[in-house]
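Novice: Enclosed is the structure file entry_18.txt (compact mmCIF, C-alpha atoms).
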```
# COMPACT_ATOMS: atom_id res chain seq x y z
CA MET A 1198 116.80 77.24 132.11
CA SER A 1199 116.93 76.33 135.80
CA PHE A 1200 114.54 77.83 138.33
CA THR A 1201 115.72 80.97 140.18
CA LEU A 1202 114.09 81.87 143.48
CA GLU A 1203 112.90 85.45 143.20
CA GLY A 1204 109.86 86.78 145.02
CA PRO A 1205 107.81 89.49 143.28
CA VAL A 1206 105.87 92.20 145.10
CA LEU A 1207 102.63 90.66 146.39
CA GLU A 1208 99.77 93.09 146.95
CA GLY A 1209 96.93 92.57 149.42
CA THR A 1210 94.27 94.67 151.12
CA LEU A 1211 96.00 94.88 154.51
CA VAL A 1212 99.61 94.14 153.60
CA ARG A 1213 102.01 94.53 150.70
CA LEU A 1214 104.93 92.11 150.59
CA GLU A 1215 108.00 93.88 149.21
CA PRO A 1216 111.40 92.26 148.62
CA LEU A 1217 113.41 93.03 151.75
CA ASP A 1218 115.84 95.93 151.41
CA HIS A 1219 117.80 98.28 153.63
CA ARG A 1220 115.16 100.95 153.01
CA HIS A 1221 112.96 98.95 155.39
CA ALA A 1222 115.53 99.04 158.20
CA ALA A 1223 114.26 102.10 160.09
CA ASP A 1224 110.68 100.80 160.22
CA LEU A 1225 111.80 97.30 161.20
CA ALA A 1226 113.98 98.68 163.99
CA VAL A 1227 110.89 100.32 165.49
CA ALA A 1228 108.73 97.22 164.91
CA ALA A 1229 111.27 94.90 166.52
CA GLU A 1230 111.43 96.96 169.72
CA GLU A 1231 107.71 96.77 170.51
CA ASP A 1232 106.63 94.18 173.08
CA ARG A 1233 109.03 91.25 172.47
CA THR A 1234 107.39 88.70 174.76
CA SER A 1235 106.05 86.66 171.81
CA TYR A 1236 109.54 86.29 170.28
CA ARG A 1237 110.97 83.74 172.69
CA PHE A 1238 111.42 81.02 170.05
CA THR A 1239 111.81 83.24 166.96
CA TRP A 1240 114.79 84.97 165.37
CA VAL A 1241 113.89 88.67 165.69
CA PRO A 1242 116.68 91.24 165.61
CA THR A 1243 116.92 94.09 168.08
CA ALA A 1244 116.93 97.61 166.65
CA ALA A 1245 120.73 97.62 166.71
CA GLU A 1246 120.85 94.31 164.83
CA VAL A 1247 118.41 95.10 162.00
CA GLU A 1248 121.00 96.22 159.43
CA GLY A 1249 123.05 93.05 160.01
CA TYR A 1250 119.90 90.95 159.92
CA ILE A 1251 118.99 92.38 156.51
CA ASP A 1252 122.53 91.76 155.28
CA ALA A 1253 122.30 88.11 156.39
CA GLN A 1254 118.97 87.60 154.63
CA LEU A 1255 120.21 89.25 151.43
CA THR A 1256 123.29 87.00 151.49
CA ARG A 1257 121.01 83.96 151.64
CA ALA A 1258 118.95 85.45 148.82
CA ALA A 1259 122.04 85.94 146.65
CA ALA A 1260 122.85 82.24 147.14
CA GLY A 1261 119.37 81.29 145.88
CA LYS A 1262 118.24 79.91 149.25
CA LEU A 1263 115.80 82.60 150.30
CA ALA A 1264 113.39 85.23 148.95
CA PRO A 1265 112.92 87.58 151.93
CA TYR A 1266 110.07 90.09 152.24
CA ALA A 1267 109.21 93.09 154.32
CA GLN A 1268 105.59 93.05 155.44
CA VAL A 1269 104.38 96.59 154.74
CA GLU A 1270 101.13 97.65 156.37
CA GLN A 1271 98.90 99.19 153.72
CA VAL A 1272 97.17 101.69 156.01
CA SER A 1273 100.39 103.22 157.36
CA GLY A 1274 102.95 102.36 154.68
CA ARG A 1275 105.30 101.10 157.43
CA ALA A 1276 107.22 97.84 157.41
CA VAL A 1277 105.88 95.95 160.43
CA GLY A 1278 107.69 92.63 160.05
CA VAL A 1279 109.30 90.17 157.69
CA THR A 1280 108.61 86.81 156.09
CA ALA A 1281 110.22 84.74 153.35
CA TYR A 1282 110.19 81.90 150.91
CA TRP A 1283 112.89 79.49 152.01
CA ASP A 1284 114.57 76.20 151.11
CA PRO A 1285 113.45 75.72 147.47
CA ARG A 1286 113.49 72.09 146.27
CA LEU A 1287 113.52 71.44 142.55
CA TRP A 1288 112.27 68.57 140.46
CA PRO A 1289 115.10 66.27 139.28
CA ASP A 1290 115.39 68.14 135.97
CA GLY A 1291 116.24 71.31 137.90
CA ASP A 1292 114.01 73.45 135.70
CA SER A 1293 111.00 73.89 137.95
CA LEU A 1294 110.14 74.18 141.61
CA CYS A 1295 108.74 71.15 143.43
CA ALA A 1296 108.41 72.48 146.99
CA ILE A 1297 109.07 75.59 149.04
CA GLU A 1298 108.93 76.61 152.69
CA VAL A 1299 107.40 79.79 154.11
CA GLY A 1300 109.31 80.94 157.15
CA PHE A 1301 111.52 83.54 158.87
CA THR A 1302 108.28 85.29 159.85
CA TRP A 1303 107.85 87.87 162.59
CA LEU A 1304 105.52 90.79 163.15
CA ALA A 1305 105.53 93.80 165.45
CA ALA A 1306 103.29 93.25 168.47
CA SER A 1307 100.90 95.96 167.24
CA ALA A 1308 100.44 94.10 163.92
CA GLN A 1309 99.71 90.73 165.50
CA GLY A 1310 96.04 89.74 165.46
CA THR A 1311 95.19 92.38 162.84
CA GLY A 1312 94.81 90.03 159.87
CA VAL A 1313 98.18 90.98 158.38
CA ASN A 1314 99.70 87.56 159.04
CA THR A 1315 96.74 85.69 157.55
CA GLU A 1316 96.75 87.77 154.38
CA ALA A 1317 100.53 87.56 154.02
CA LYS A 1318 100.39 83.78 154.23
CA TYR A 1319 97.55 83.72 151.71
CA LEU A 1320 99.55 85.82 149.24
CA LEU A 1321 102.64 83.63 149.62
CA PHE A 1322 100.68 80.38 149.35
CA ARG A 1323 98.72 81.55 146.31
CA HIS A 1324 101.84 82.63 144.42
CA ALA A 1325 103.65 79.38 145.22
CA PHE A 1326 100.80 77.11 144.11
CA GLU A 1327 99.35 79.15 141.23
CA ASN A 1328 102.42 80.80 139.72
CA TRP A 1329 105.23 78.41 140.54
CA GLY A 1330 103.05 75.29 140.51
CA VAL A 1331 104.59 73.72 143.61
CA ALA A 1332 103.48 70.28 144.73
CA ARG A 1333 104.06 71.05 148.39
CA LEU A 1334 104.46 74.01 150.73
CA ASP A 1335 106.10 73.62 154.15
CA LEU A 1336 105.95 75.55 157.41
CA LYS A 1337 107.80 74.75 160.62
CA THR A 1338 108.28 76.18 164.08
CA ASP A 1339 109.89 75.35 167.39
CA ALA A 1340 107.83 72.48 168.78
CA ARG A 1341 107.52 74.37 172.09
CA ASN A 1342 106.00 77.44 170.42
CA SER A 1343 102.30 76.78 170.97
CA ARG A 1344 101.31 80.25 169.75
CA SER A 1345 103.09 79.79 166.41
CA ARG A 1346 101.75 76.27 166.00
CA ALA A 1347 98.19 77.49 166.51
CA ALA A 1348 98.69 80.29 163.97
CA ILE A 1349 100.04 77.84 161.38
CA GLU A 1350 97.14 75.46 161.95
CA ARG A 1351 94.70 78.34 161.34
CA THR A 1352 96.10 78.69 157.82
CA GLY A 1353 94.85 75.17 157.06
CA ALA A 1354 98.28 73.57 157.03
CA ARG A 1355 98.36 69.96 158.24
CA PHE A 1356 100.53 68.97 161.19
CA GLU A 1357 102.86 66.15 160.14
CA GLY A 1358 104.84 65.58 163.31
CA VAL A 1359 107.89 66.71 165.24
CA LEU A 1360 111.42 66.23 163.93
CA ARG A 1361 113.90 66.05 166.79
CA ASN A 1362 117.06 68.19 166.79
CA TRP A 1363 116.05 69.47 163.36
CA SER A 1364 116.70 73.22 163.30
CA PRO A 1365 118.88 75.83 165.02
CA SER A 1366 117.30 77.08 168.23
CA TRP A 1367 116.62 80.79 168.68
CA ALA A 1368 115.55 80.44 172.32
CA PRO A 1369 117.55 82.46 174.87
CA GLY A 1370 120.47 80.50 176.26
CA GLU A 1371 120.38 77.92 173.47
CA ASN A 1372 122.75 79.60 171.01
CA GLY A 1373 124.43 76.96 168.85
CA GLY A 1374 121.96 74.30 169.94
CA LEU A 1375 119.25 72.48 168.05
CA ARG A 1376 115.52 72.48 168.60
CA ASP A 1377 112.74 70.03 167.88
CA SER A 1378 110.68 71.37 164.97
CA ALA A 1379 106.95 70.93 164.43
CA ILE A 1380 106.38 70.38 160.69
CA PHE A 1381 103.26 71.42 158.75
CA SER A 1382 102.39 71.32 155.06
CA ILE A 1383 99.83 72.02 152.38
CA ILE A 1384 99.95 70.00 149.16
CA ALA A 1385 98.69 71.05 145.75
CA ALA A 1386 95.53 68.88 145.89
CA GLU A 1387 94.51 70.64 149.13
CA TRP A 1388 95.14 74.18 147.95
CA PRO A 1389 91.70 74.97 146.39
CA ASP A 1390 89.98 74.12 149.68
CA ARG A 1391 92.57 75.95 151.78
CA ARG A 1392 92.34 78.97 149.51
CA ALA A 1393 88.56 79.14 149.90
CA ARG A 1394 88.82 78.86 153.68
CA LEU A 1395 91.47 81.56 153.91
CA GLU A 1396 89.44 83.88 151.68
CA GLN A 1397 86.38 83.36 153.88
CA ARG A 1398 88.43 84.04 156.99
CA MET A 1399 89.90 87.22 155.51
CA ALA A 1400 86.46 88.43 154.40
CA ARG A 1401 85.07 87.96 157.91
CA GLY A 1402 88.04 89.86 159.33
CA LEU A 1403 87.50 92.79 156.96
CA GLU A 1404 83.79 92.88 157.80
CA ARG A 1405 84.63 93.19 161.50
CA ARG A 1406 86.90 96.15 160.73
CA GLN A 1407 84.23 98.10 158.83
CA PRO A 1408 82.80 101.04 160.81
CA THR A 1409 79.28 100.41 162.06
CA ALA A 1410 76.71 102.64 160.37
CA ASP A 1411 74.48 104.75 162.61
CA VAL A 1412 71.16 103.02 163.08
CA PRO A 1413 68.13 105.36 163.19
CA ALA A 1414 66.21 105.31 166.45
CA PRO A 1415 62.76 103.70 166.23
CA ASN A 1416 59.75 106.03 165.99
```
Could you spell out this file's structure in structure tokens?
Specialist:
Amino acid sequence: MSFTLEGPVLEGTLVRLEPLDHRHAADLAVAAEEDRTSYRFTWVPTAAEVEGYIDAQLTRAAAGKLAPYAQVEQVSGRAVGVTAYWDPRLWPDGDSLCAIEVGFTWLAASAQGTGVNTEAKYLLFRHAFENWGVARLDLKTDARNSRSRAAIERTGARFEGVLRNWSPSWAPGENGGLRDSAIFSIIAAEWPDRRARLEQRMARGLERRQPTADVPAPN
């Protein structure tokens, strides 16, 4: 039986990754209209485009090319962004997954820097390596997007280089054009170390979010 790309619900402390559906549209419309200054190189729909955006992602999913997720903030229950598994590559026998990309990621401005992105990546990476047994996991971004490149590097992914004219550009005024893409990866042999580092990073983040206990005044 050949491999079918289907992403299950992935549960974390800060975020729950749910298969993307039109029930997430209202939340995503609000999320997408927060401060958009960080979206210059990223495909993020406007509020009016969210329904069509979801349709496009579900069409890709039906073709077996994508497993899209809504990133649902645990504390509020609101969808604050999206992410996806993308571009599955199978072993020659076609029965199992060799490699997968994590991409199509964006978050509302208010969710950026909160630890949601780190935990979402951790959940996606862990499922890919430990449930699907992939040999390689890819990430890529517009080579000009220094913010995205720094965020990817913080996950422990290794920078492999820039592929010229590799992907469609989402930058304003470049519709129909191609961009240079910065390529990153984690391979299976690296995953135990990357997992430990991500878990340490997430633990430190949760500690910083804990309320500080009142300290008794000295006698």
Novice: Would you give me, as a tab-separated table, each residue of segment 1299-1401 of chain A having an atom within 7 Å of an atom of segment 1238-1252 of chain A, along with its shortest atom pair and that distance in Å to one decimal, using all atoms listed in the file and sorting by chain and residue number?
Specialist:
```
residue	atom	partner	partner_atom	distance
A:Trp1303	CA	A:Val1241	CA	6.8
A:Asp1339	CA	A:Phe1238	CA	6.4
A:Asn1342	CA	A:Phe1238	CA	6.5
A:Trp1367	CA	A:Phe1238	CA	5.4
A:Ala1368	CA	A:Phe1238	CA	4.7
```
Novice: Just to be explicit: take each residue in the selection above, keep C-alpha atoms, and write the result as a PDB file, in the frame of the given file.
Specialist:
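The resulting file, result.pdb, is reproduced below:
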```pdb
ATOM      1  CA  TRP A1303     107.850  87.870 162.590  1.00  0.00           C
ATOM      2  CA  ASP A1339     109.890  75.350 167.390  1.00  0.00           C
ATOM      3  CA  ASN A1342     106.000  77.440 170.420  1.00  0.00           C
ATOM      4  CA  TRP A1367     116.620  80.790 168.680  1.00  0.00           C
ATOM      5  CA  ALA A1368     115.550  80.440 172.320  1.00  0.00           C
TER       6      ALA A1368
END
```
Novice: For Asp1335 of chain A, list every protein, DNA or RNA residue within 8 Å, evaluated using only C-alpha atoms, and leave out those in the same chain fewer than 5 positions away; present the list as a PyMOL selection string.
Specialist: chain A and resi 1296-1299+1380-1383
Novice: Kindly provide, as lines of an AutoDock Vina configuration file, the centre and edge lengths (Å, one decimal) of an axis-aligned box around all atoms of segment 1237-1256 of chain A given in the file, with 3 Å on each side.
Specialist:
```
center_x = 117.1
center_y = 89.3
center_z = 162.1
size_x = 18.3
size_y = 22.6
size_z = 27.3
```
Novice: Closest to Pro1216 of chain A among A:Phe1200, A:Pro1285, A:Arg1233, A:Gln1254, using all atoms listed in the file?
Specialist: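 Closest candidate: A:Gln1254.
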Novice: Show which residues sit within 12 Å of Ala1276 of chain A, as JSON, numbers by chain. Count all atoms listed in the file, and ignore same-chain residues fewer than 3 positions away.
Specialist: {"A": [1211, 1212, 1213, 1214, 1215, 1216, 1217, 1218, 1219, 1220, 1221, 1222, 1223, 1224, 1225, 1226, 1227, 1228, 1229, 1266, 1267, 1268, 1269, 1270, 1271, 1272, 1273, 1279, 1280, 1303, 1304, 1305, 1307, 1308, 1313]}
Novice: Ranking A:Arg1257, A:His1324, A:Arg1398, A:Arg1275 by minimum distance to Pro1205 of chain A and counting only C-alpha atoms, which one comes first?
Specialist: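 Closest to Pro1205 of chain A, using only C-alpha atoms: A:His1324.
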Novice: List as a PyMOL selection string the protein and nucleic acid residues near Trp1363 of chain A, meaning an atom at most 6 Å away when all atoms listed in the file are counted, but skip any in the same chain fewer than 2 places from it.
Specialist: chain A and resi 1360-1361+1377-1378
Novice: Write out as a count of residues only which residues come within 10 Å of Ala1306 of chain A when counting all atoms listed in the file, dropping same-chain ones fewer than 4 positions away.
Specialist: 13
Novice: Given all atoms listed in the file as the basis, pick out the residue of A:Ser1293, A:Asn1328, A:Thr1302, A:Thr1315 nearest to Gly1204 of chain A.
Specialist: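 Using all atoms listed in the file, Gly1204 of chain A sits closest to A:Asn1328.
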Novice: What does the distance between atom CA of Gly1353 of chain A and atom CA of Arg1391 of chain A come to in Å, to one decimal place?
Specialist: 5.8 Å
Novice: Neighbours of Arg1286 of chain A within 12 Å (all atoms listed in the file; same-chain residues fewer than 4 positions away dropped), as a PDB file with C-alpha atoms, in the frame of the given file?
Specialist:
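Final output, out07.pdb:
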```
ATOM      1  CA  SER A1199     116.930  76.330 135.800  1.00  0.00           C
ATOM      2  CA  PHE A1200     114.540  77.830 138.330  1.00  0.00           C
ATOM      3  CA  THR A1201     115.720  80.970 140.180  1.00  0.00           C
ATOM      4  CA  LEU A1202     114.090  81.870 143.480  1.00  0.00           C
ATOM      5  CA  GLY A1261     119.370  81.290 145.880  1.00  0.00           C
ATOM      6  CA  LYS A1262     118.240  79.910 149.250  1.00  0.00           C
ATOM      7  CA  LEU A1263     115.800  82.600 150.300  1.00  0.00           C
ATOM      8  CA  TYR A1282     110.190  81.900 150.910  1.00  0.00           C
ATOM      9  CA  ASP A1290     115.390  68.140 135.970  1.00  0.00           C
ATOM     10  CA  GLY A1291     116.240  71.310 137.900  1.00  0.00           C
ATOM     11  CA  ASP A1292     114.010  73.450 135.700  1.00  0.00           C
ATOM     12  CA  SER A1293     111.000  73.890 137.950  1.00  0.00           C
ATOM     13  CA  LEU A1294     110.140  74.180 141.610  1.00  0.00           C
ATOM     14  CA  CYS A1295     108.740  71.150 143.430  1.00  0.00           C
ATOM     15  CA  ALA A1296     108.410  72.480 146.990  1.00  0.00           C
ATOM     16  CA  ILE A1297     109.070  75.590 149.040  1.00  0.00           C
ATOM     17  CA  GLU A1298     108.930  76.610 152.690  1.00  0.00           C
ATOM     18  CA  TRP A1329     105.230  78.410 140.540  1.00  0.00           C
ATOM     19  CA  VAL A1331     104.590  73.720 143.610  1.00  0.00           C
ATOM     20  CA  ALA A1332     103.480  70.280 144.730  1.00  0.00           C
ATOM     21  CA  ARG A1333     104.060  71.050 148.390  1.00  0.00           C
ATOM     22  CA  LEU A1334     104.460  74.010 150.730  1.00  0.00           C
ATOM     23  CA  ASP A1335     106.100  73.620 154.150  1.00  0.00           C
TER      24      ASP A1335
END
```
Novice: Have a look at A:Arg1237, A:Arg1392, A:Arg1405, A:Lys1337 and name the one nearest to Leu1321 of chain A; count all atoms listed in the file.
Specialist: A:Arg1392
Novice: Kindly extract all protein, DNA and RNA residues lying within 8 Å of the coordinates (95.9, 87.9, 153.2) given in the file, considering only C-alpha atoms, and supply them as a count of residues only.
Specialist: 16
Novice: Could you please determine the separation between atom CA of Glu1350 of chain A and atom CA of Glu1371 of chain A in Å, to one decimal place?
Specialist: 26.1 Å
Novice: Using Å and a single decimal, report how far atom CA of Ile1384 of chain A sits from atom CA of Phe1326 of chain A.
Specialist: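 Computing it gives 8.8 Å between the two atoms.
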Novice: Output requested as a PDB file, in the coordinates of the input - segment 1363-1377 of chain A, filled out with N, CA and C atoms.
Specialist:
```
ATOM      1  N   TRP A1363     116.159  69.241 164.799  1.00  0.00           N
ATOM      2  CA  TRP A1363     116.050  69.470 163.360  1.00  0.00           C
ATOM      3  C   TRP A1363     116.567  70.828 162.906  1.00  0.00           C
ATOM      4  N   SER A1364     116.406  71.853 163.732  1.00  0.00           N
ATOM      5  CA  SER A1364     116.700  73.220 163.300  1.00  0.00           C
ATOM      6  C   SER A1364     117.481  73.958 164.381  1.00  0.00           C
ATOM      7  N   PRO A1365     118.220  75.013 163.998  1.00  0.00           N
ATOM      8  CA  PRO A1365     118.880  75.830 165.020  1.00  0.00           C
ATOM      9  C   PRO A1365     117.853  76.433 165.972  1.00  0.00           C
ATOM     10  N   SER A1366     118.184  76.481 167.242  1.00  0.00           N
ATOM     11  CA  SER A1366     117.300  77.080 168.230  1.00  0.00           C
ATOM     12  C   SER A1366     117.585  78.570 168.355  1.00  0.00           C
ATOM     13  N   TRP A1367     116.500  79.348 168.458  1.00  0.00           N
ATOM     14  CA  TRP A1367     116.620  80.790 168.680  1.00  0.00           C
ATOM     15  C   TRP A1367     116.234  81.157 170.106  1.00  0.00           C
ATOM     16  N   ALA A1368     115.954  80.169 170.952  1.00  0.00           N
ATOM     17  CA  ALA A1368     115.550  80.440 172.320  1.00  0.00           C
ATOM     18  C   ALA A1368     116.733  80.986 173.124  1.00  0.00           C
ATOM     19  N   PRO A1369     116.466  81.908 174.042  1.00  0.00           N
ATOM     20  CA  PRO A1369     117.550  82.460 174.870  1.00  0.00           C
ATOM     21  C   PRO A1369     118.309  81.357 175.597  1.00  0.00           C
ATOM     22  N   GLY A1370     119.632  81.470 175.578  1.00  0.00           N
ATOM     23  CA  GLY A1370     120.470  80.500 176.260  1.00  0.00           C
ATOM     24  C   GLY A1370     120.744  79.243 175.484  1.00  0.00           C
ATOM     25  N   GLU A1371     120.193  79.140 174.265  1.00  0.00           N
ATOM     26  CA  GLU A1371     120.380  77.920 173.470  1.00  0.00           C
ATOM     27  C   GLU A1371     121.180  78.188 172.192  1.00  0.00           C
ATOM     28  N   ASN A1372     121.946  79.259 172.180  1.00  0.00           N
ATOM     29  CA  ASN A1372     122.750  79.600 171.010  1.00  0.00           C
ATOM     30  C   ASN A1372     123.657  78.434 170.619  1.00  0.00           C
ATOM     31  N   GLY A1373     123.618  78.059 169.342  1.00  0.00           N
ATOM     32  CA  GLY A1373     124.430  76.960 168.850  1.00  0.00           C
ATOM     33  C   GLY A1373     123.793  75.601 169.053  1.00  0.00           C
ATOM     34  N   GLY A1374     122.639  75.565 169.719  1.00  0.00           N
ATOM     35  CA  GLY A1374     121.960  74.300 169.940  1.00  0.00           C
ATOM     36  C   GLY A1374     120.890  74.041 168.891  1.00  0.00           C
ATOM     37  N   LEU A1375     120.309  72.876 168.977  1.00  0.00           N
ATOM     38  CA  LEU A1375     119.250  72.480 168.050  1.00  0.00           C
ATOM     39  C   LEU A1375     117.926  72.365 168.779  1.00  0.00           C
ATOM     40  N   ARG A1376     116.862  72.587 168.052  1.00  0.00           N
ATOM     41  CA  ARG A1376     115.520  72.480 168.600  1.00  0.00           C
ATOM     42  C   ARG A1376     114.767  71.347 167.917  1.00  0.00           C
ATOM     43  N   ASP A1377     113.703  70.895 168.553  1.00  0.00           N
ATOM     44  CA  ASP A1377     112.740  70.030 167.880  1.00  0.00           C
ATOM     45  C   ASP A1377     111.792  70.919 167.083  1.00  0.00           C
TER      46      ASP A1377
END
```
